[in-house]
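Before any comments, here is the structure.
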Amino acid sequence: MHRDRGLDLEGKLPANEYDLSRDLQLETLFKAMAGKDKFLLDLAKKVLLTSLLDVDSILFRQGVLKDCLKNPDVVAELFKLSADAIAKEKQDWAWNDAYKSADQTFQRSVRLLKMLFSKLKELRAIVDQHAGRFESDGFKGLFEMVQGEISDSYLASIEGHLKELELGEGTLISAELGEGNKGTGYALCRQPEDRKEGRRLFGRKTGQFTFTLNTNDQTGPEMMAELRDRGINGLANTLAQSSDHLLGFFVSLRNELAFYVACMNLRDQLAARGEPVCFPTPAERGRRSRAFKGLYDPCLALRRDERVVGNDLEAEGKDLVVVTGANRGGKSTFLRSVGISQLLMQAGAFAPGESLHADICTGVFTHFTREEDSSMKSGKLDEELGRMSKIVDSLSPDCMVLFNESFASTNEREGSEISRQIVAALLERRVEVFFVTHQYEFAHLLYEKGTPNAAFLRAQRLENGERTFRVLPGEPLPTSYGDDLYHRIFLAQGPGAKG
Amino acid sequence: MSNTTRPFRSILFEKAEDGSEPPSTGVQDFVVDLHLDQIVDSILVGRQEYRLGTLFMATLNSSEAIEYRHQAMRELESQSLRDAIEAFAQGMRSMRRARQLAENVHNRYNRQGWFLNGVEAYCEAVSRLGADLAALDLESRGFLSFRGFLLSYLESPGFAALRAETEKMRADLAASRYCLLMKTNNQFTVRKYEGEEDYSVEVEKAFEKFREGAAKDYRIRFTGYPEVNHVEEAALEFVAKLYPEVFQSLDEYCARNKEFLDQTVADFDREVQFYIAYHEFVAQFTGTGLRFCYPVVSDSKQVESHNGFDLALANKLVREKSPLVTNDFFLKDNERVFVVNGPNQGGKSTFARAFGQLHHLACLGLPVPGTSAKLFLFDRIFTHFEREENFDDLRSRLEDDLMRVHSILDACTPRSVVIINELFSSSTLRDAVFLGRKVLERVIQLDALCVYVTFIDELSTMDKAVSVMSTVLPDNPELRTFKITRKPADGLAFAMAIADKHQLSYERIKERIRQ
């Protein structure tokens with residue numbers, strides 16, 4: 001997932017995770033990526049919402065993802081292998097924190113190490129067979145590591161240890177006299193080669209003493225077990241830690257692959273609906289540059305069976321994009337497609353569309369009007385501004401804010417003034433703004449000013465009032481064709497809009 | 001140097017005539033009345049094992065003896081000296097624990113093992129203290145003379161031999177390593193250790209390449225009983241058979257060194273805690289604005305104190321993080337008696353207690369509350385505070401009061417301090433005035449120092465008496481300042497304050513009645 005480090009799953013989701021997921025309807029996306037796999041879902045979410053901020057990191061992941069799309073079977077096999085190892089560890093006692101004795105720790109660790117060792121051998125075999133088919137730096141690095149570190153001689157030495165750890169020759173413990181002449185410094189020792197079977201030093205008659213528990217001894221067996229436990233405690237600890245480390249290797253393998261697996265799932269679902277995906281070309285942060293063809297909202301696509309409408313845009317050097325036009329004309333969908341494709345690009349994934357070129361932004365923020373709150377008119381603006389204020393807390397230059405019908409819960413004049421002041425301040429702080437609005441006054445004012453760094457788009461409405469759901473360049477118009485809708489829904493007497 | 005080479009006797013009592021620890025007697029009245037019991041309890045928290053309580057009751061009888069302690073106390077303001085003492089104290093504590101076990105566990109080798117641990121802890125603690133003290137610039141007579149004693153003790157042939165023997169014994173036992181082979185769960189075989197390697201080192205190496213981040217600790221924590229169980233005992237007995245010479249010499253070592261502990265060292269270990277305990281107690285007031293000072297303690301009755309306070313109250317308030325008012329007092333010329341007047345809850349008793357505490361602590365040779373103080377080297381403190389006891393009627397209470405005061409006045413000398421709080425409050429005003437006057441006359445005649453807390457104005461005009469009052473702020477009389485100042489009793493603030501207490505001041509009534 002990264003050229004120079006492992007994937008960090010401990011990091012927190014961004015503070016605006018809830019708003020982003022809700023406004024961009026990301027749950028649909030996550031579901032397509034993960035199905036019912038909770039782990040995959042959480043991971044996909046985390047990766048998608050933790051954007052990469054430089055071109056090289058993005059291209060690195062794109063390379064890996066391209067390899068995955070070419071070799072889906074191998075990737076699936078690797079993923080299953082690591083997931084298997086993890087699942088098997090979990091099955092072996094659910095109470096892994098509650099070891100009662102060093103002996104239990106010891107037994108379980110050896111069992112786990114054997115299981116993980118067999119997985120390690122499988123991994124090596126898969127890599128040996130398929131390594132040649134991968135081209136990305138990411139996979140090449142992984143495979144070289146596997147072949148180098150998990151060499152034949154290494155595998156053989158581990159196998160030897162696992163056999164010896166069965167302690168077939170008995171438990172040999174060294175100790176010394178500590179406080180109060182009690183035994184201390186217990187350590188489990190290897191039986192020296194020359195003492196095993198054959199020479200049997202312990203078989204001699206002198207220089208050694210043997211203690212046997214009386215058969216009536218009630219407490220003795222427990223004490224005997226504790227004495228042995230003290231002896232194997234250190235080794236049991238080392239073994240448990242080793243099995244953790246080895247398990248950790250499979251965990252990171254799974255984590256590293258998971259996002260790509262999720263992307264493959266998403267691609268399959270989109271392909272099934274005939275929707276294209278493309279690998280975007282990212283531009284460095286700070287250069288306003290955005291161009292796309294056929295960019296669509298994948299969540300909308302996933303909810304429908306027929307293909308959805310994509311949009312094109314050429315916006316070089318634009319800090320502000322204002323979208324106006326007909327209600328239910330595809331403005332929100334357009335806005336979502338921009339937001340989602342930005343997140344996907346900065347996660348190193350493909351984008352929904354025929355082509356996408358965009359600059360990297362520091363963070364994506366959404367400020368969408370919340371329909372369901374409208375019952376409480378007075379509180380709504382307060383709520384909206386509260387959300388806005390939280391967004392401002394997190395903003396930095398080169399962030400992207402997507403506004404959707406914001407600040408419309410008051411009258412148009414006031415709402416426009418609020419929008420104007422906010423947008424002006426954001427632009428001055430080099431924040432990229434997409435603003436969907438039907439506040440004519442606000443949009444018109446911006447248009448009249450003729451700012452060169454602003455682009456104006458309008459949801460298309462044909463002469464007959466029909467909507468194409470396309471968003472095209474166009475100046476703001478003083479009506480949102482609400483009466484179209486009104487007529488269609490309430491009067492059902494066909495088109496006949498005024499002005 | 002020659003003047004510091006007085007043979008070391010005790011870190012608390014330089015000379016035999018400075019007094020020594022008194023036998024533990026019943027708790028005296030003044031201890032309870034002045035809340036000294038509370039103070040000492042707080043000072044000694046966590047130090048019960050040293051049984052220092054009686055030392056905090058044994059006041060000194062000469063300025064020189066007090067100066068001896070002041071020097072030691074000042075010396076202990078050095079962190080490095082306190083660290084040295086703390087390390088020593090811990091070592092001695094380990095020694096005592098091990099010695100205890102050496103007497104109590106049942107297996108002989110187990111006992112002998114603990115005995116060796118005890119001597120080791122002792123040698124280590126004493127040697128380290130010697131080295132630490134040698135590296136410090138000491139100035140106090142007490143510590144200089146103790147260091148002299150300690151260094152010559154460390155160089156004595158007896159101690160050198162003890163240490164050498166102990167080290168040899170430990171080395172021999174450490175070399176007596178052994179192996180246990182367990183093939184079944186009811187049997188083990190013991191033999192000498194022959195260089196077998198710890199397998200976990202190897203295993204760790206084998207899986208090291210997968211290591212990432214911190215590892216969880218899976219080691220089982222075994223309960224560390226000091227005593228061997230019968231399985232361990234069997235192993236220990238075998239080890240003794242494998243190394244017979246070593247265990248033979250251990251046996252002899254223990255017999256030879258039974259009396260390893262030097263009594264002077266043991267006494268020092270205990271007595272120095274007197275200072276350390278008080279130092280730590282005082283340290284908790286750092287940052288509260290409350291200060292401590294080394295008082296001048298002499299036969300002069302012209303006592304004075306600046307910014308003094310009731311230490312028991314301060315100790316309570318510092319835990320609650322509440323502020324505390326400090327007070328000044330002085331007696332000049334032939335003044336001998338403070339007559340304390342003023343509103344209830346105005347700090348009168350607190351003032352009286354502080355006066356007594358300051359004197360008691362001063363004569364223990366300790367720093368006292370305040371920024372500076374000149375205090376009287378008294379022979380005894382007598383107190384009479386109202387008690388909670390129930391009496392059938394006023395008469396028996398008055399009788400009890402009189403009995404107690406009579407016995408105080410009998411034992412009182414010109415060098416005594418007498419503190420009387422609200423005497424005869426249960427009698428009629430006429431009786432109280434009469435009796436109070438009689439008592440004060442007697443005290444004044446004896447020329448003893450006295451604090452007399454009373455609600456009777458008349459007493460404040462007597463000869464040798466100074467009237468002091470607990471005061472209230474003029475613009476907000478309900479807020480008591482707890483400041484005690486010299487001024488004639490006026491009777492007015494008293495009435496106002498009581499009105500205030502019931503929220504009946506002009507301002508407050510207006511506030512309370514408004515709407």
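Quick note on naming: the chains in the structure tokens go A, B, ... in the order shown, residues restart at 1 in each chain, and ligands are numbered from 1 in order of appearance.
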Within 6 Å of chain A, which residues of chain B come that close, and what is the closest atom pair and distance in Å for each? Count only C-alpha atoms and give it as a Markdown table.
| residue | atom | partner | partner_atom | distance |
| --- | --- | --- | --- | --- |
| B:Asn110 | CA | A:Gly180 | CA | 5.1 |
| B:Gly113 | CA | A:Gly180 | CA | 3.8 |
| B:Trp114 | CA | A:Gly180 | CA | 4.1 |
| B:Arg177 | CA | A:Glu176 | CA | 4.6 |
| B:Tyr178 | CA | A:Ala175 | CA | 5.5 |
| B:Cys179 | CA | A:Ser174 | CA | 4.3 |
| B:Leu180 | CA | A:Ile173 | CA | 5.0 |
| B:Leu181 | CA | A:Leu172 | CA | 4.5 |
| B:Met182 | CA | A:Thr171 | CA | 5.1 |
| B:Lys183 | CA | A:Gly170 | CA | 4.3 |
| B:Asn186 | CA | A:Leu213 | CA | 5.3 |
| B:Gln187 | CA | A:Thr212 | CA | 4.4 |
| B:Phe188 | CA | A:Phe211 | CA | 5.5 |
| B:Thr189 | CA | A:Thr210 | CA | 4.1 |
| B:Val190 | CA | A:Phe209 | CA | 5.3 |
| B:Arg191 | CA | A:Gln208 | CA | 4.6 |
| B:Glu196 | CA | A:Cys189 | CA | 5.9 |
| B:Glu197 | CA | A:Cys189 | CA | 5.4 |
| B:Asp198 | CA | A:Cys189 | CA | 4.7 |
| B:Tyr199 | CA | A:Cys189 | CA | 5.1 |
| B:Ser200 | CA | A:Leu235 | CA | 4.7 |
| B:Phe207 | CA | A:Ser242 | CA | 5.7 |
| B:Phe210 | CA | A:His245 | CA | 5.2 |
| B:Arg211 | CA | A:His245 | CA | 5.1 |
| B:Tyr218 | CA | A:Asn237 | CA | 4.9 |
| B:Arg219 | CA | A:Asn237 | CA | 5.3 |
In range 84-240 of chain B, what's strand (DSSP E) per DSSP? Answer as a list of chain:residue names?
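Listing strand (DSSP E) positions across range 84-240 of chain B yields B:Tyr178, B:Cys179, B:Leu180, B:Leu181, B:Met182, B:Lys183, B:Thr184, B:Gln187, B:Phe188, B:Thr189, B:Val190, B:Arg191, B:Lys192.
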Residues of range 215-331 of chain B in alpha helix (DSSP H) according to DSSP, as a PyMOL selection string?
chain B and resi 230-242+244-256+263-283+311-320
What does the file look like for those residues with C-alpha atoms, as a short mmCIF file (atom, residue, chain, number, x, y, z; two decimals), in the first residue's frame?
data_model
loop_
_atom_site.label_atom_id
_atom_site.label_comp_id
_atom_site.auth_asym_id
_atom_site.auth_seq_id
_atom_site.Cartn_x
_atom_site.Cartn_y
_atom_site.Cartn_z
CA HIS B 230 8.06 -29.57 49.37
CA VAL B 231 8.83 -30.14 45.71
CA GLU B 232 11.23 -27.22 45.60
CA GLU B 233 12.58 -28.39 48.91
CA ALA B 234 13.42 -31.77 47.40
CA ALA B 235 15.28 -30.04 44.59
CA LEU B 236 17.12 -27.80 47.07
CA GLU B 237 18.16 -30.74 49.21
CA PHE B 238 19.57 -32.43 46.08
CA VAL B 239 21.48 -29.31 45.15
CA ALA B 240 22.97 -29.30 48.64
CA LYS B 241 24.08 -32.88 48.06
CA LEU B 242 25.57 -31.99 44.68
CA PRO B 244 28.29 -30.43 49.80
CA GLU B 245 31.29 -28.15 50.51
CA VAL B 246 29.37 -25.03 49.61
CA PHE B 247 26.49 -25.86 51.88
CA GLN B 248 28.84 -26.89 54.67
CA SER B 249 30.47 -23.47 54.55
CA LEU B 250 27.07 -21.79 54.43
CA ASP B 251 26.20 -23.53 57.64
CA GLU B 252 29.37 -22.28 59.32
CA TYR B 253 28.94 -18.80 57.89
CA CYS B 254 25.50 -18.45 59.42
CA ALA B 255 26.63 -19.67 62.82
CA ARG B 256 29.63 -17.33 62.85
CA GLN B 263 23.54 -1.38 67.17
CA THR B 264 24.70 2.18 66.44
CA VAL B 265 23.95 1.70 62.76
CA ALA B 266 20.53 0.28 63.59
CA ASP B 267 19.75 3.22 65.90
CA PHE B 268 20.83 5.72 63.29
CA ASP B 269 18.60 4.04 60.72
CA ARG B 270 15.64 4.56 63.00
CA GLU B 271 16.44 7.96 64.46
CA VAL B 272 17.30 9.69 61.21
CA GLN B 273 13.75 8.96 60.10
CA PHE B 274 12.65 11.49 62.74
CA TYR B 275 14.13 14.20 60.53
CA ILE B 276 13.21 12.66 57.21
CA ALA B 277 9.60 12.20 58.23
CA TYR B 278 9.31 15.82 59.31
CA HIS B 279 11.09 17.03 56.21
CA GLU B 280 8.67 15.15 53.96
CA PHE B 281 5.74 16.42 55.96
CA VAL B 282 6.91 20.02 55.59
CA ALA B 283 7.64 19.50 51.88
CA LEU B 311 -0.16 23.01 61.46
CA ALA B 312 -2.93 20.49 62.04
CA LEU B 313 -5.44 22.76 60.31
CA ALA B 314 -3.00 23.53 57.50
CA ASN B 315 -2.45 19.83 57.01
CA LYS B 316 -6.17 19.35 56.57
CA LEU B 317 -6.62 22.36 54.29
CA VAL B 318 -3.67 21.59 52.06
CA ARG B 319 -5.40 18.33 51.15
CA GLU B 320 -8.56 20.24 50.31
#
Asp54 in chain A: which residues within 12 Å, counting only C-alpha atoms, same-chain residues fewer than 4 positions away excluded, as a PyMOL selection string?
chain A and resi 2+58-61+281-286+345-348+359-362
Given the selection you just returned, output its residues as a file containing N, CA, C and O atoms, formatted as a PDB file, in the first residue's frame.
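The file below, result_31.pdb, is the result:
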ATOM      1  N   HIS A   2       2.060   1.154   0.581  1.00  0.00           N
ATOM      2  CA  HIS A   2       3.002   2.268   0.540  1.00  0.00           C
ATOM      3  C   HIS A   2       4.340   1.739   0.090  1.00  0.00           C
ATOM      4  O   HIS A   2       4.695   0.612   0.366  1.00  0.00           O
ATOM      5  N   ILE A  58       0.388   7.710  -5.288  1.00  0.00           N
ATOM      6  CA  ILE A  58      -0.806   7.322  -6.035  1.00  0.00           C
ATOM      7  C   ILE A  58      -0.439   6.392  -7.182  1.00  0.00           C
ATOM      8  O   ILE A  58      -1.054   5.335  -7.380  1.00  0.00           O
ATOM      9  N   LEU A  59       0.621   6.750  -7.904  1.00  0.00           N
ATOM     10  CA  LEU A  59       1.024   5.919  -9.039  1.00  0.00           C
ATOM     11  C   LEU A  59       1.500   4.541  -8.578  1.00  0.00           C
ATOM     12  O   LEU A  59       1.299   3.535  -9.245  1.00  0.00           O
ATOM     13  N   PHE A  60       2.133   4.515  -7.390  1.00  0.00           N
ATOM     14  CA  PHE A  60       2.586   3.238  -6.832  1.00  0.00           C
ATOM     15  C   PHE A  60       1.402   2.292  -6.654  1.00  0.00           C
ATOM     16  O   PHE A  60       1.418   1.149  -7.084  1.00  0.00           O
ATOM     17  N   ARG A  61       0.345   2.806  -6.052  1.00  0.00           N
ATOM     18  CA  ARG A  61      -0.835   1.948  -5.843  1.00  0.00           C
ATOM     19  C   ARG A  61      -1.521   1.605  -7.163  1.00  0.00           C
ATOM     20  O   ARG A  61      -1.986   0.484  -7.353  1.00  0.00           O
ATOM     21  N   THR A 281      -4.947  10.536 -13.920  1.00  0.00           N
ATOM     22  CA  THR A 281      -3.599  11.116 -13.855  1.00  0.00           C
ATOM     23  C   THR A 281      -3.633  12.265 -12.852  1.00  0.00           C
ATOM     24  O   THR A 281      -4.257  13.289 -13.091  1.00  0.00           O
ATOM     25  N   PRO A 282      -2.992  12.058 -11.722  1.00  0.00           N
ATOM     26  CA  PRO A 282      -3.006  13.087 -10.692  1.00  0.00           C
ATOM     27  C   PRO A 282      -2.017  14.206 -10.993  1.00  0.00           C
ATOM     28  O   PRO A 282      -0.974  13.956 -11.608  1.00  0.00           O
ATOM     29  N   ALA A 283      -2.352  15.432 -10.602  1.00  0.00           N
ATOM     30  CA  ALA A 283      -1.425  16.564 -10.712  1.00  0.00           C
ATOM     31  C   ALA A 283      -1.042  16.990  -9.301  1.00  0.00           C
ATOM     32  O   ALA A 283      -1.799  16.796  -8.356  1.00  0.00           O
ATOM     33  N   GLU A 284       0.148  17.545  -9.162  1.00  0.00           N
ATOM     34  CA  GLU A 284       0.637  17.963  -7.847  1.00  0.00           C
ATOM     35  C   GLU A 284      -0.355  18.894  -7.170  1.00  0.00           C
ATOM     36  O   GLU A 284      -1.099  19.630  -7.828  1.00  0.00           O
ATOM     37  N   ARG A 285      -0.299  18.875  -5.868  1.00  0.00           N
ATOM     38  CA  ARG A 285      -1.152  19.750  -5.092  1.00  0.00           C
ATOM     39  C   ARG A 285      -0.876  21.219  -5.434  1.00  0.00           C
ATOM     40  O   ARG A 285       0.260  21.594  -5.707  1.00  0.00           O
ATOM     41  N   GLY A 286      -1.929  22.028  -5.427  1.00  0.00           N
ATOM     42  CA  GLY A 286      -1.729  23.465  -5.592  1.00  0.00           C
ATOM     43  C   GLY A 286      -1.890  23.945  -7.023  1.00  0.00           C
ATOM     44  O   GLY A 286      -2.112  25.118  -7.269  1.00  0.00           O
ATOM     45  N   MET A 345      -9.268   8.525  -6.508  1.00  0.00           N
ATOM     46  CA  MET A 345      -7.957   8.823  -7.098  1.00  0.00           C
ATOM     47  C   MET A 345      -6.902   8.887  -6.010  1.00  0.00           C
ATOM     48  O   MET A 345      -5.816   8.319  -6.122  1.00  0.00           O
ATOM     49  N   GLN A 346      -7.238   9.581  -4.928  1.00  0.00           N
ATOM     50  CA  GLN A 346      -6.237   9.775  -3.878  1.00  0.00           C
ATOM     51  C   GLN A 346      -6.080   8.570  -2.959  1.00  0.00           C
ATOM     52  O   GLN A 346      -5.276   8.587  -2.039  1.00  0.00           O
ATOM     53  N   ALA A 347      -6.871   7.523  -3.230  1.00  0.00           N
ATOM     54  CA  ALA A 347      -6.626   6.250  -2.552  1.00  0.00           C
ATOM     55  C   ALA A 347      -5.784   5.346  -3.457  1.00  0.00           C
ATOM     56  O   ALA A 347      -5.444   4.232  -3.089  1.00  0.00           O
ATOM     57  N   GLY A 348      -5.481   5.827  -4.663  1.00  0.00           N
ATOM     58  CA  GLY A 348      -4.687   5.036  -5.596  1.00  0.00           C
ATOM     59  C   GLY A 348      -5.536   4.103  -6.436  1.00  0.00           C
ATOM     60  O   GLY A 348      -5.006   3.218  -7.102  1.00  0.00           O
ATOM     61  N   ASP A 359      -6.029  17.682  -9.848  1.00  0.00           N
ATOM     62  CA  ASP A 359      -4.960  17.969  -8.885  1.00  0.00           C
ATOM     63  C   ASP A 359      -5.300  17.327  -7.545  1.00  0.00           C
ATOM     64  O   ASP A 359      -6.455  17.102  -7.209  1.00  0.00           O
ATOM     65  N   ILE A 360      -4.244  17.039  -6.808  1.00  0.00           N
ATOM     66  CA  ILE A 360      -4.411  16.412  -5.495  1.00  0.00           C
ATOM     67  C   ILE A 360      -4.864  17.475  -4.503  1.00  0.00           C
ATOM     68  O   ILE A 360      -4.355  18.600  -4.522  1.00  0.00           O
ATOM     69  N   CYS A 361      -5.825  17.141  -3.675  1.00  0.00           N
ATOM     70  CA  CYS A 361      -6.234  18.106  -2.660  1.00  0.00           C
ATOM     71  C   CYS A 361      -5.918  17.559  -1.270  1.00  0.00           C
ATOM     72  O   CYS A 361      -5.730  16.364  -1.073  1.00  0.00           O
ATOM     73  N   THR A 362      -5.846  18.489  -0.338  1.00  0.00           N
ATOM     74  CA  THR A 362      -5.425  18.120   1.018  1.00  0.00           C
ATOM     75  C   THR A 362      -6.523  17.378   1.771  1.00  0.00           C
ATOM     76  O   THR A 362      -6.247  16.593   2.674  1.00  0.00           O
TER      77      THR A 362
END
Considering only C-alpha atoms, can you say which of A:Met1, A:Ala301, A:Ala351, A:Met388 comes closest to Ile418 in chain A?
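When distances to Ile418 in chain A are compared using only C-alpha atoms, the smallest one comes from A:Met388.
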Within 12 Å of Glu135 in chain A, counting only C-alpha atoms, which residues qualify if same-chain residues fewer than 5 places away don't, as an MDAnalysis selection string?
chainID A and resid 60 62:71 130 140:143
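When only C-alpha atoms are used to compute distances to Glu399 in chain B, the closest of the residues B:Leu358, B:Ala373, B:Met57, B:Leu435 turns out to be B:Leu435.
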For Lys80 in chain A, list every protein, DNA or RNA residue within 12 Å, evaluated using only C-alpha atoms, and leave out those in the same chain fewer than 3 positions away; present the list as a ChimeraX atom specification.
/A:73-77,83-88,119,122-123,126,250-251,253-255,257-258,261
If you count only C-alpha atoms, which residues fall within 12 Å of Leu24 in chain A, apart from same-chain ones fewer than 5 positions away, as a PyMOL selection string?
chain A and resi 16-19+29-30+49+297-300+332-343+364-368+402-404
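In terms of minimum interatomic distance to Thr288 in chain B, B:Pro323 ranks closest within B:Lys258, B:Asp172, B:Pro323, B:Thr350, counting only C-alpha atoms.
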To one decimal place, how far is CA of Glu208 in chain B from CA of Gln147 in chain A in Å?
16.8 Å
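Near Tyr153 in chain B, within 10 Å and counting only C-alpha atoms, sit Val126, Ser127, Gly130, Arg147, Gly148, Phe149, Leu150, Ser156, Pro157, Gly158, Phe159, Ala160, Asp262 and Val265 of chain B; same-chain residues fewer than 3 positions away were not included.
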Atom-to-atom span, CA of Pro473 in chain A and CA of Arg458 in chain A, Å
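Between CA of Pro473 in chain A and CA of Arg458 in chain A the gap works out to 5.9 Å.
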What is the CA of Phe378 in chain B to CA of Val27 in chain B distance in Å?
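Between CA of Phe378 in chain B and CA of Val27 in chain B the gap is 19.2 Å.
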